[in-house]
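Structure file model_33.txt (compact mmCIF, C-alpha atoms and all ligand atoms) is printed below.
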# COMPACT_ATOMS: atom_id res chain seq x y z
CA MET A 13 123.32 103.10 126.07
CA LEU A 14 122.72 101.26 129.27
CA ARG A 15 119.61 99.54 130.34
CA ILE A 16 118.89 97.37 133.24
CA VAL A 17 116.44 94.62 133.34
CA PHE A 18 114.01 95.19 136.13
CA SER A 19 113.33 92.01 137.92
CA LYS A 20 109.98 90.53 137.19
CA VAL A 21 107.49 92.60 139.11
CA LYS A 22 103.86 91.71 139.17
CA ILE A 23 101.59 94.66 139.42
CA SER A 24 97.97 93.84 139.12
CA ASN A 25 97.70 91.87 135.89
CA VAL A 26 100.84 93.21 134.22
CA CYS A 27 104.20 91.55 134.21
CA LEU A 28 107.08 93.79 133.34
CA THR A 29 109.86 91.54 132.27
CA ALA A 30 113.09 91.87 130.47
CA LEU A 31 113.40 91.62 126.77
CA VAL A 32 111.51 92.09 123.63
CA ALA A 33 109.22 94.84 122.82
CA THR A 34 107.05 94.61 119.82
CA ALA A 35 106.98 98.02 118.37
CA CYS A 36 103.86 98.56 116.37
CA ALA A 37 104.31 99.27 112.74
CA VAL A 38 103.63 102.86 111.92
CA GLY A 39 104.23 104.85 108.84
CA SER A 40 105.15 108.46 108.37
CA LEU A 41 104.97 110.37 111.63
CA TYR A 42 102.96 113.14 110.17
CA ALA A 43 100.44 111.12 108.21
CA ALA A 44 97.63 110.71 110.69
CA ASP A 45 95.92 107.97 108.70
CA GLU A 46 98.99 105.74 108.99
CA ILE A 47 99.14 105.84 112.74
CA ALA A 48 97.91 102.74 114.47
CA PRO A 49 94.65 103.16 116.40
CA PRO A 50 95.04 103.52 120.16
CA ASN A 51 95.47 100.34 122.11
CA TYR A 52 93.05 99.86 125.01
CA ASP A 53 93.69 96.17 125.45
CA GLU A 54 95.95 95.32 128.37
CA SER A 55 96.85 91.99 126.77
CA LYS A 56 98.34 93.87 123.81
CA VAL A 57 100.71 95.92 125.94
CA PRO A 58 104.13 94.68 124.82
CA GLU A 59 106.71 93.41 127.24
CA PHE A 60 109.31 96.04 127.82
CA THR A 61 112.44 96.89 129.72
CA LEU A 62 112.69 100.22 131.45
CA PRO A 63 115.92 102.17 131.73
CA ASP A 64 117.19 102.03 135.32
CA PRO A 65 117.66 105.51 136.77
CA LEU A 66 120.15 104.08 139.25
CA VAL A 67 122.70 102.91 136.70
CA ALA A 68 125.37 105.43 135.69
CA PRO A 69 126.33 106.04 132.06
CA ASP A 70 129.44 103.88 132.61
CA GLY A 71 127.34 100.96 133.83
CA SER A 72 128.16 101.33 137.49
CA LYS A 73 125.46 101.31 140.14
CA ILE A 74 124.35 104.60 141.67
CA GLU A 75 124.49 103.89 145.38
CA THR A 76 124.64 107.22 147.17
CA PRO A 77 122.63 110.45 147.07
CA ASP A 78 125.83 112.21 145.95
CA GLN A 79 126.23 109.90 142.97
CA TRP A 80 122.60 110.55 142.05
CA ARG A 81 123.12 114.29 142.29
CA GLN A 82 126.51 114.44 140.55
CA VAL A 83 126.19 111.70 137.94
CA ALA A 84 122.78 110.16 137.31
CA ARG A 85 120.52 113.18 137.65
CA PRO A 86 122.43 115.45 135.24
CA HIS A 87 122.73 112.57 132.77
CA ILE A 88 118.99 111.79 132.81
CA LEU A 89 118.00 115.46 132.72
CA GLY A 90 120.30 115.87 129.72
CA LEU A 91 118.59 112.96 127.95
CA PHE A 92 115.14 114.46 128.52
CA LYS A 93 116.46 117.64 126.94
CA SER A 94 118.19 116.04 123.97
CA GLU A 95 115.53 113.42 123.20
CA MET A 96 112.20 114.85 124.25
CA PHE A 97 111.52 118.38 125.51
CA GLY A 98 114.55 120.18 124.12
CA GLN A 99 117.00 122.36 125.99
CA PHE A 100 115.42 124.30 128.82
CA PRO A 101 114.91 127.84 127.47
CA GLU A 102 117.45 130.53 128.25
CA ALA A 103 116.63 134.22 127.99
CA ASP A 104 117.71 137.57 129.33
CA LEU A 105 115.93 137.68 132.67
CA SER A 106 116.82 141.34 133.17
CA LYS A 107 114.09 142.07 130.60
CA ILE A 108 111.37 140.58 132.79
CA LYS A 109 109.21 143.09 134.60
CA PHE A 110 106.26 142.68 136.95
CA GLU A 111 103.51 145.25 137.21
CA GLU A 112 100.62 144.97 139.64
CA ILE A 113 97.61 145.93 137.55
CA LYS A 114 94.77 145.27 140.02
CA THR A 115 94.21 144.43 143.65
CA GLN A 116 90.91 143.57 145.23
CA LYS A 117 90.90 143.01 148.98
CA ASP A 118 87.43 141.51 149.24
CA ALA A 119 87.47 138.75 146.64
CA LEU A 120 85.56 135.54 147.38
CA GLN A 121 83.10 137.31 149.70
CA GLY A 122 85.91 138.89 151.64
CA LYS A 123 87.85 135.67 152.20
CA ALA A 124 90.72 136.55 149.86
CA THR A 125 92.76 139.30 148.32
CA ARG A 126 93.08 139.00 144.59
CA LYS A 127 96.08 140.49 142.81
CA GLU A 128 96.66 140.56 139.11
CA ILE A 129 100.29 141.01 138.20
CA ARG A 130 101.29 141.52 134.58
CA ILE A 131 104.51 139.80 133.59
CA TYR A 132 106.30 141.51 130.71
CA PHE A 133 108.75 139.05 129.22
CA ASN A 134 110.72 141.54 127.10
CA TYR A 135 110.33 144.91 128.81
CA PRO A 136 110.13 147.72 127.70
CA GLU A 137 108.28 145.91 124.88
CA LYS A 138 104.64 145.44 125.92
CA THR A 139 104.48 141.94 124.43
CA PRO A 140 104.76 139.11 125.06
CA LYS A 141 103.11 139.45 128.44
CA ALA A 142 100.99 137.29 130.72
CA ASP A 143 98.73 138.14 133.65
CA LEU A 144 99.24 136.18 136.82
CA MET A 145 96.09 136.09 138.94
CA ILE A 146 96.76 135.38 142.61
CA LEU A 147 94.26 134.72 145.39
CA ILE A 148 95.64 135.07 148.91
CA PRO A 149 93.66 134.11 152.02
CA ASN A 150 92.83 137.14 154.17
CA LYS A 151 92.37 135.80 157.64
CA VAL A 152 95.55 133.80 158.15
CA GLU A 153 99.09 134.54 159.13
CA LYS A 154 101.34 135.40 156.18
CA PRO A 155 103.37 134.41 154.26
CA VAL A 156 101.40 131.41 153.02
CA PRO A 157 102.27 128.46 150.76
CA ALA A 158 100.76 128.50 147.28
CA PHE A 159 99.67 126.44 144.31
CA LEU A 160 100.71 127.65 140.87
CA MET A 161 98.60 126.11 138.10
CA PRO A 162 98.20 127.41 134.55
CA ASN A 163 94.74 127.54 132.94
CA PHE A 164 93.49 126.68 129.46
CA GLN A 165 91.21 129.53 128.44
CA GLY A 166 92.09 132.70 130.33
CA ASN A 167 92.10 133.78 133.98
CA HIS A 168 88.57 135.10 133.65
CA THR A 169 87.30 131.62 132.75
CA THR A 170 88.28 130.30 136.20
CA THR A 171 85.75 132.52 137.99
CA GLU A 172 82.53 134.40 137.34
CA ASP A 173 83.91 137.45 139.13
CA PRO A 174 83.41 140.32 136.63
CA ASP A 175 86.48 142.14 137.97
CA VAL A 176 88.99 139.60 136.71
CA THR A 177 90.72 140.93 133.61
CA ALA A 178 89.59 139.08 130.49
CA VAL A 179 92.29 137.54 128.35
CA ASP A 180 93.84 139.66 125.68
CA ALA A 181 96.20 137.32 123.85
CA PRO A 182 96.68 138.17 120.20
CA PHE A 183 97.70 134.68 119.07
CA ARG A 184 95.18 132.74 121.08
CA THR A 185 94.51 129.43 119.38
CA ARG A 186 92.35 127.38 121.72
CA ASN A 187 88.78 128.60 121.53
CA ALA A 188 89.92 131.41 119.30
CA LYS A 189 86.40 132.08 118.05
CA GLU A 190 84.98 132.92 121.45
CA LYS A 191 84.80 136.46 122.61
CA PRO A 192 86.55 136.64 125.98
CA GLU A 193 83.39 137.81 127.78
CA ASP A 194 81.37 134.85 126.47
CA VAL A 195 83.53 132.43 128.39
CA ARG A 196 83.83 134.16 131.75
CA GLY A 197 83.52 131.48 134.42
CA VAL A 198 83.22 128.49 132.07
CA ALA A 199 86.07 126.61 133.75
CA LYS A 200 85.13 127.51 137.32
CA LYS A 201 84.34 123.91 138.26
CA ARG A 202 88.00 123.08 137.85
CA TRP A 203 89.08 125.76 140.30
CA ALA A 204 88.17 125.02 143.92
CA PHE A 205 89.26 128.51 144.96
CA GLU A 206 87.15 128.65 148.09
CA LYS A 207 88.36 125.29 149.35
CA ILE A 208 91.96 126.32 148.73
CA ILE A 209 91.56 129.66 150.48
CA ASP A 210 89.64 128.08 153.39
CA ARG A 211 92.58 125.73 153.92
CA GLY A 212 94.99 128.67 154.16
CA TYR A 213 96.71 128.39 150.78
CA ALA A 214 97.21 130.97 148.07
CA VAL A 215 96.61 130.00 144.46
CA ALA A 216 98.02 131.58 141.33
CA THR A 217 97.07 130.97 137.74
CA VAL A 218 98.15 132.17 134.32
CA TYR A 219 96.66 131.56 130.88
CA TYR A 220 99.10 129.22 129.12
CA GLU A 221 98.64 130.72 125.66
CA GLU A 222 99.69 134.11 126.92
CA ILE A 223 103.08 132.55 127.52
CA GLU A 224 103.17 130.76 124.18
CA PRO A 225 100.39 129.93 121.70
CA ASP A 226 99.53 126.25 121.37
CA GLN A 227 100.23 126.01 117.68
CA SER A 228 102.83 124.58 115.34
CA VAL A 229 103.65 127.54 113.17
CA GLY A 230 107.36 127.78 113.68
CA PHE A 231 107.55 129.23 117.19
CA LYS A 232 107.22 132.80 116.00
CA TYR A 233 104.90 134.10 118.66
CA GLY A 234 104.88 134.12 122.42
CA VAL A 235 108.14 133.82 124.31
CA HIS A 236 110.05 131.61 121.87
CA PRO A 237 111.78 134.44 119.99
CA LEU A 238 113.32 135.52 123.30
CA PHE A 239 115.21 132.27 123.80
CA SER A 240 118.93 132.60 123.15
CA ASN A 241 119.28 128.80 122.83
CA PHE A 242 116.47 128.40 120.28
CA ASP A 243 117.62 127.22 116.87
CA LEU A 244 115.19 125.31 114.66
CA ALA A 245 118.10 123.73 112.81
CA LYS A 246 119.06 121.84 115.96
CA ASP A 247 117.37 118.63 117.01
CA ASP A 248 117.13 119.72 120.62
CA TYR A 249 115.60 123.17 120.32
CA PRO A 250 113.37 124.14 123.25
CA ALA A 251 109.86 123.11 122.17
CA THR A 252 106.49 124.42 123.32
CA ILE A 253 106.09 122.43 126.54
CA GLY A 254 109.49 123.80 127.51
CA ALA A 255 108.32 127.34 126.74
CA TRP A 256 105.26 126.93 128.99
CA ALA A 257 107.47 125.43 131.72
CA TRP A 258 109.85 128.38 131.44
CA GLY A 259 106.87 130.72 131.76
CA LEU A 260 105.87 128.99 135.00
CA SER A 261 109.37 129.57 136.33
CA ARG A 262 108.91 133.27 135.55
CA ALA A 263 105.60 133.14 137.40
CA LEU A 264 107.54 131.78 140.39
CA ASP A 265 110.00 134.69 140.03
CA CYS A 266 106.95 136.91 140.27
CA LEU A 267 105.58 135.10 143.35
CA GLU A 268 108.96 135.65 144.98
CA THR A 269 108.16 139.37 144.92
CA VAL A 270 104.80 138.96 146.67
CA PRO A 271 105.39 139.36 150.42
CA GLU A 272 102.21 137.49 151.43
CA ILE A 273 103.48 134.33 149.71
CA ASP A 274 106.15 131.96 150.95
CA ALA A 275 107.91 131.33 147.64
CA SER A 276 109.89 128.45 149.12
CA LYS A 277 106.54 126.65 149.44
CA VAL A 278 105.06 126.78 145.96
CA ILE A 279 103.61 123.65 144.38
CA VAL A 280 103.51 123.67 140.59
CA ALA A 281 100.47 121.84 139.25
CA GLY A 282 98.96 121.21 135.84
CA HIS A 283 96.22 119.29 134.07
CA SER A 284 96.76 117.24 130.93
CA ARG A 285 99.22 118.97 128.55
CA LEU A 286 99.81 121.37 131.40
CA GLY A 287 100.45 118.39 133.69
CA LYS A 288 103.26 117.39 131.32
CA THR A 289 104.41 121.00 131.59
CA ALA A 290 104.29 120.97 135.41
CA LEU A 291 106.44 117.83 135.54
CA TRP A 292 109.01 119.26 133.15
CA CYS A 293 109.01 122.56 134.99
CA GLY A 294 109.48 120.89 138.39
CA ALA A 295 112.26 118.69 137.02
CA ASN A 296 114.22 121.74 135.88
CA ASP A 297 113.35 124.36 138.45
CA GLU A 298 114.22 123.00 141.85
CA ARG A 299 112.79 126.03 143.61
CA PHE A 300 109.36 124.39 143.34
CA ALA A 301 108.65 122.59 146.59
CA ALA A 302 106.48 119.90 145.01
CA VAL A 303 104.73 118.97 141.75
CA ILE A 304 101.20 117.83 140.88
CA SER A 305 100.46 116.05 137.61
CA ASN A 306 96.72 115.81 136.94
CA ASN A 307 95.84 113.36 134.13
CA SER A 308 99.07 114.21 132.26
CA GLY A 309 99.22 110.98 130.25
CA CYS A 310 101.53 110.42 127.28
CA GLY A 311 104.59 112.65 127.44
CA GLY A 312 103.75 113.28 131.11
CA ALA A 313 103.45 110.68 133.83
CA ALA A 314 102.48 107.70 131.62
CA LEU A 315 105.19 105.26 130.57
CA SER A 316 105.83 105.60 126.82
CA ARG A 317 106.79 101.94 126.46
CA ARG A 318 103.34 100.69 127.46
CA GLU A 319 101.86 101.86 124.17
CA PHE A 320 98.44 102.19 125.79
CA GLY A 321 95.95 104.97 125.00
CA GLU A 322 97.73 107.91 123.43
CA ARG A 323 101.12 106.90 122.11
CA VAL A 324 104.30 108.68 121.15
CA ASP A 325 103.59 108.47 117.40
CA ARG A 326 100.08 109.86 117.91
CA ILE A 327 101.05 112.72 120.18
CA ASN A 328 103.83 113.85 117.85
CA ALA A 329 101.51 113.80 114.88
CA SER A 330 98.78 115.74 116.68
CA PHE A 331 101.02 118.22 118.47
CA PRO A 332 104.34 118.40 116.62
CA HIS A 333 105.32 121.58 118.43
CA TRP A 334 105.10 120.18 121.98
CA PHE A 335 108.27 118.11 121.82
CA THR A 336 111.60 118.40 120.14
CA LYS A 337 112.39 117.12 116.65
CA LYS A 338 114.30 114.18 118.03
CA PHE A 339 111.24 112.88 119.90
CA HIS A 340 109.41 112.61 116.58
CA THR A 341 111.81 109.87 115.54
CA TYR A 342 110.77 107.58 118.39
CA GLY A 343 107.14 106.91 117.42
CA ALA A 344 107.80 103.47 115.98
CA ARG A 345 110.66 102.64 118.33
CA VAL A 346 109.74 103.74 121.84
CA ASN A 347 111.94 101.00 123.26
CA GLU A 348 114.96 102.83 121.96
CA LEU A 349 114.18 105.90 124.01
CA PRO A 350 117.05 106.12 126.51
CA ILE A 351 114.56 107.41 129.07
CA ASP A 352 111.01 106.74 130.17
CA GLU A 353 108.56 108.73 132.23
CA HIS A 354 109.35 107.16 135.63
CA GLU A 355 112.62 109.05 135.28
CA LEU A 356 110.81 112.34 134.72
CA ILE A 357 109.26 111.77 138.14
CA ALA A 358 112.62 110.70 139.59
CA LEU A 359 114.08 114.05 138.47
CA ILE A 360 111.72 115.73 140.93
CA ALA A 361 113.09 113.67 143.85
CA PRO A 362 113.43 114.14 146.75
CA ARG A 363 110.66 116.73 146.44
CA PRO A 364 107.15 115.36 146.79
CA VAL A 365 105.11 114.60 143.69
CA TYR A 366 101.43 113.74 143.22
CA VAL A 367 100.25 111.87 140.13
CA ALA A 368 96.49 111.65 139.56
CA SER A 369 94.54 109.61 137.04
CA ALA A 370 90.86 109.10 136.23
CA ASN A 371 89.29 105.74 135.40
CA GLU A 372 87.46 107.01 132.31
CA ASP A 373 90.60 108.70 131.03
CA GLN A 374 92.11 105.64 129.39
CA TRP A 375 93.67 107.87 126.72
CA ALA A 376 96.08 109.03 129.46
CA ASP A 377 96.77 105.43 130.59
CA PRO A 378 96.11 105.44 134.35
CA LYS A 379 98.11 102.27 134.85
CA GLY A 380 101.08 103.72 132.99
CA GLU A 381 100.89 106.76 135.25
CA PHE A 382 100.81 104.55 138.33
CA LEU A 383 103.77 102.49 137.12
CA SER A 384 105.87 105.60 136.66
CA CYS A 385 105.36 106.34 140.36
CA TYR A 386 106.26 102.78 141.23
CA TYR A 387 109.47 102.81 139.20
CA ALA A 388 110.54 106.24 140.43
CA ASP A 389 110.44 104.93 144.01
CA PRO A 390 114.05 103.59 144.18
CA VAL A 391 115.40 107.09 143.52
CA TYR A 392 113.21 108.60 146.22
CA LYS A 393 114.32 105.85 148.61
CA LEU A 394 117.99 106.42 147.80
CA LEU A 395 117.49 110.07 148.67
CA GLY A 396 116.17 109.14 152.10
CA THR A 397 112.44 109.62 151.60
CA PRO A 398 109.70 107.01 151.97
CA GLY A 399 109.02 107.30 148.22
CA PHE A 400 105.91 105.44 147.15
CA GLY A 401 105.60 104.04 150.69
CA GLY A 402 105.62 100.38 149.71
CA VAL A 403 102.66 100.68 147.33
CA ASP A 404 102.88 97.95 144.70
CA THR A 405 99.30 97.51 143.56
CA LEU A 406 96.96 99.88 141.80
CA PRO A 407 94.75 101.25 144.58
CA ASP A 408 90.97 101.13 144.73
CA LEU A 409 89.20 103.99 143.02
CA ASN A 410 89.22 107.32 144.85
CA LYS A 411 91.88 106.22 147.32
CA SER A 412 95.01 108.29 147.67
CA VAL A 413 98.11 106.16 148.31
CA GLY A 414 101.85 106.60 148.73
CA ALA A 415 104.07 108.92 150.72
CA THR A 416 106.55 111.31 149.06
CA ILE A 417 105.16 110.03 145.79
CA ARG A 418 101.35 109.97 145.95
CA TYR A 419 98.83 108.61 143.51
CA HIS A 420 95.08 108.29 143.06
CA LYS A 421 92.72 107.18 140.36
CA ARG A 422 89.36 108.81 140.76
CA THR A 423 86.10 107.94 139.10
CA GLY A 424 85.19 110.04 136.08
CA VAL A 425 86.65 111.60 133.00
CA HIS A 426 89.68 113.66 132.05
CA ASP A 427 89.18 116.70 134.30
CA VAL A 428 90.12 118.45 137.52
CA THR A 429 87.48 117.98 140.19
CA ASP A 430 86.80 118.96 143.79
CA PHE A 431 87.91 115.49 144.81
CA ASP A 432 91.28 116.04 143.12
CA TRP A 433 91.69 119.36 144.95
CA GLU A 434 90.81 117.79 148.30
CA MET A 435 93.57 115.23 147.74
CA TYR A 436 96.01 117.96 146.68
CA LEU A 437 95.23 120.02 149.77
CA ASP A 438 95.82 117.02 152.05
CA PHE A 439 99.06 116.38 150.14
CA ALA A 440 100.14 120.00 150.60
CA ASP A 441 99.37 119.79 154.34
CA ALA A 442 101.62 116.73 154.55
CA VAL A 443 104.37 118.36 152.45
CA PHE A 444 104.46 121.49 154.60
CA GLY A 445 103.66 119.80 157.92
CA ARG A 446 100.47 121.79 158.44
C1 LIG B 501 94.81 115.72 124.16
C2 LIG B 501 96.21 115.17 124.10
C3 LIG B 501 96.66 114.79 125.46
C4 LIG B 501 96.35 115.86 126.49
C5 LIG B 501 95.08 116.64 126.21
C6 LIG B 501 94.94 118.00 126.87
O1 LIG B 501 94.26 115.96 122.96
O2 LIG B 501 96.20 114.08 123.25
O3 LIG B 501 98.02 114.44 125.45
O4 LIG B 501 97.41 116.71 126.63
O5 LIG B 501 94.89 116.89 124.89
O6 LIG B 501 95.89 118.70 127.14
O7 LIG B 501 93.81 118.40 127.08
Would you mind writing the structure in this file as structure tokens?
Ligand code: GTR
Amino acid sequence: MLRIVFSKVKISNVCLTALVATACAVGSLYAADEIAPPNYDESKVPEFTLPDPLVAPDGSKIETPDQWRQVARPHILGLFKSEMFGQFPEADLSKIKFEEIKTQKDALQGKATRKEIRIYFNYPEKTPKADLMILIPNKVEKPVPAFLMPNFQGNHTTTEDPDVTAVDAPFRTRNAKEKPEDVRGVAKKRWAFEKIIDRGYAVATVYYEEIEPDQSVGFKYGVHPLFSNFDLAKDDYPATIGAWAWGLSRALDCLETVPEIDASKVIVAGHSRLGKTALWCGANDERFAAVISNNSGCGGAALSRREFGERVDRINASFPHWFTKKFHTYGARVNELPIDEHELIALIAPRPVYVASANEDQWADPKGEFLSCYYADPVYKLLGTPGFGGVDTLPDLNKSVGATIRYHKRTGVHDVTDFDWEMYLDFADAVFGR
């Protein structure tokens, strides 16, 4: 396996140099009590060497966009599949059916039309299915660009509007004890619907556990049984993040059937575990025009080799179903991973990407998220974009920096806020030249 040694680059107080990485000693991957406590001390971040996305498997330098496209990109994408997320799911797409179940033309005090479209994943079977809720601005010229962002608790938790269909997911695991009606609107602060509509964008959301439950019980429920390339005996079976990502691609198929939406201008976005999902989805499905990773952290935008906040051993122990079996073997040897998360961002190139952190979300390692942007930049540059736009220092709080790759670290905790949405809307304006 080939590695390059990045030249010594000083970013803030961290030196990334060649050589040695002190892997922390951990025991069994599944014994939580043997996993080292999280590291929040910058001085304890080991020195590490990142794999160079611009070196081909035979050691030669990738010097042209064609070489990236033909050689490096497929190789790196293949490594993310074999070592981390598993093969991207394959299924019989002729079994997918969309059914408009509700339309309301005067949502958001008349500013938007809300459609709910039910996606059947195995029609004529009625399950698994997921409802895609779409808000489309009324008073602008159509078709419009859109954000697609999955939600954590059900479409009806994103708004207090009593007309939004409450979730009906038989294998719901997060907040399973709540009755759907008790949680209507609880997540509304994360969804700046009015701002989005006022800026002329559509927004679509789907409850992630309707695609696939967030549980490690052998992938029996949700869409997993539909995958023709799923085989638990293989190390690289599609895991749960891959299933959610596949579901978002089906949501894009659905948006392609909505005439008011310009499906060539859909940004896939996600928060936290769903930020990891958005990155993996955007890396595989090049129909997405751009990607937003909100506080995605370990297994998302944060570099695994930094061993800061949540680490690979911890995430695999807590959520064994998110990643493939092979990834579980890397907890105590992250330096042997043939990939790191800057390359997940590079896989999105030349399409624009926004990575957002929060200063009180050290678990997600804001600096590690920033560094992934920094180290993805050479690929964006090779492909003729301004990339990270010369940014080489962590920006001040609440300042959005970069160009094709953008980054901010806002004040506050692990969350999606109005500030984040304002930055994403400005980003979308820049992406689509609006
Ligand atoms: C945490 C997990 C993170 C992040 C988060 C979330 O418990 O450790 O990686 O994904 O959950 O999705 O809310």
How close does range 343-378 of chain A get to range 302-310 of chain A? List, as JSON lines, each residue of range 343-378 of chain A within 9 Å, its nearest atom pair and the distance in Å to one decimal, counting all atoms listed in the file.
{"residue": "A:Glu353", "atom": "CA", "partner": "A:Cys310", "partner_atom": "CA", "distance": 8.8}
{"residue": "A:Ile360", "atom": "CA", "partner": "A:Val303", "partner_atom": "CA", "distance": 7.7}
{"residue": "A:Arg363", "atom": "CA", "partner": "A:Ala302", "partner_atom": "CA", "distance": 5.4}
{"residue": "A:Pro364", "atom": "CA", "partner": "A:Ala302", "partner_atom": "CA", "distance": 4.9}
{"residue": "A:Val365", "atom": "CA", "partner": "A:Val303", "partner_atom": "CA", "distance": 4.8}
{"residue": "A:Tyr366", "atom": "CA", "partner": "A:Ile304", "partner_atom": "CA", "distance": 4.7}
{"residue": "A:Val367", "atom": "CA", "partner": "A:Ser305", "partner_atom": "CA", "distance": 4.9}
{"residue": "A:Ala368", "atom": "CA", "partner": "A:Asn306", "partner_atom": "CA", "distance": 4.9}
{"residue": "A:Ser369", "atom": "CA", "partner": "A:Asn307", "partner_atom": "CA", "distance": 4.9}
{"residue": "A:Ala370", "atom": "CA", "partner": "A:Asn307", "partner_atom": "CA", "distance": 6.9}
{"residue": "A:Asp373", "atom": "CA", "partner": "A:Asn307", "partner_atom": "CA", "distance": 7.7}
{"residue": "A:Gln374", "atom": "CA", "partner": "A:Gly309", "partner_atom": "CA", "distance": 8.9}
{"residue": "A:Trp375", "atom": "CA", "partner": "A:Gly309", "partner_atom": "CA", "distance": 7.3}
{"residue": "A:Ala376", "atom": "CA", "partner": "A:Gly309", "partner_atom": "CA", "distance": 3.8}
{"residue": "A:Asp377", "atom": "CA", "partner": "A:Gly309", "partner_atom": "CA", "distance": 6.1}
{"residue": "A:Pro378", "atom": "CA", "partner": "A:Gly309", "partner_atom": "CA", "distance": 7.6}
Store the residues picked out above, limited to C-alpha atoms, as a PDB file, keeping the file's coordinate frame.
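To be explicit, this is the file written out as again_11.pdb:
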ATOM      1  CA  GLU A 353     108.560 108.730 132.230  1.00  0.00           C
ATOM      2  CA  ILE A 360     111.720 115.730 140.930  1.00  0.00           C
ATOM      3  CA  ARG A 363     110.660 116.730 146.440  1.00  0.00           C
ATOM      4  CA  PRO A 364     107.150 115.360 146.790  1.00  0.00           C
ATOM      5  CA  VAL A 365     105.110 114.600 143.690  1.00  0.00           C
ATOM      6  CA  TYR A 366     101.430 113.740 143.220  1.00  0.00           C
ATOM      7  CA  VAL A 367     100.250 111.870 140.130  1.00  0.00           C
ATOM      8  CA  ALA A 368      96.490 111.650 139.560  1.00  0.00           C
ATOM      9  CA  SER A 369      94.540 109.610 137.040  1.00  0.00           C
ATOM     10  CA  ALA A 370      90.860 109.100 136.230  1.00  0.00           C
ATOM     11  CA  ASP A 373      90.600 108.700 131.030  1.00  0.00           C
ATOM     12  CA  GLN A 374      92.110 105.640 129.390  1.00  0.00           C
ATOM     13  CA  TRP A 375      93.670 107.870 126.720  1.00  0.00           C
ATOM     14  CA  ALA A 376      96.080 109.030 129.460  1.00  0.00           C
ATOM     15  CA  ASP A 377      96.770 105.430 130.590  1.00  0.00           C
ATOM     16  CA  PRO A 378      96.110 105.440 134.350  1.00  0.00           C
TER      17      PRO A 378
END
Select, from A:Thr405, A:Thr341, A:Asn328, A:Ser384, the residue with the minimum atom-to-atom distance to Glu355 in chain A, counting all atoms listed in the file.
->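 Smallest distance to Glu355 in chain A is found for A:Ser384.
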Nearest to ligand LIG 501 (chain B) by atom-to-atom distance, counting all atoms listed in the file, from A:Ile113, A:Leu349, A:Val425, A:Ala204 = A:Val425
Excluding same-chain residues fewer than 5 positions from Ala281 in chain A, what lies within 12 Å of it counting only C-alpha atoms, as a count of residues only?
-> 41
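In this comparison, which uses all atoms listed in the file, the residue of A:Asp194, A:Asp210, A:Asp297, A:Glu434 approaching Asn410 in chain A most closely is A:Glu434.
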Contacts of range 152-157 of chain A at 7 Å or less, counting all atoms listed in the file, minus same-chain residues fewer than 3 places along, as a VMD selection string?
-> chain A and resid 149 212 to 214 271 to 274 277 to 278
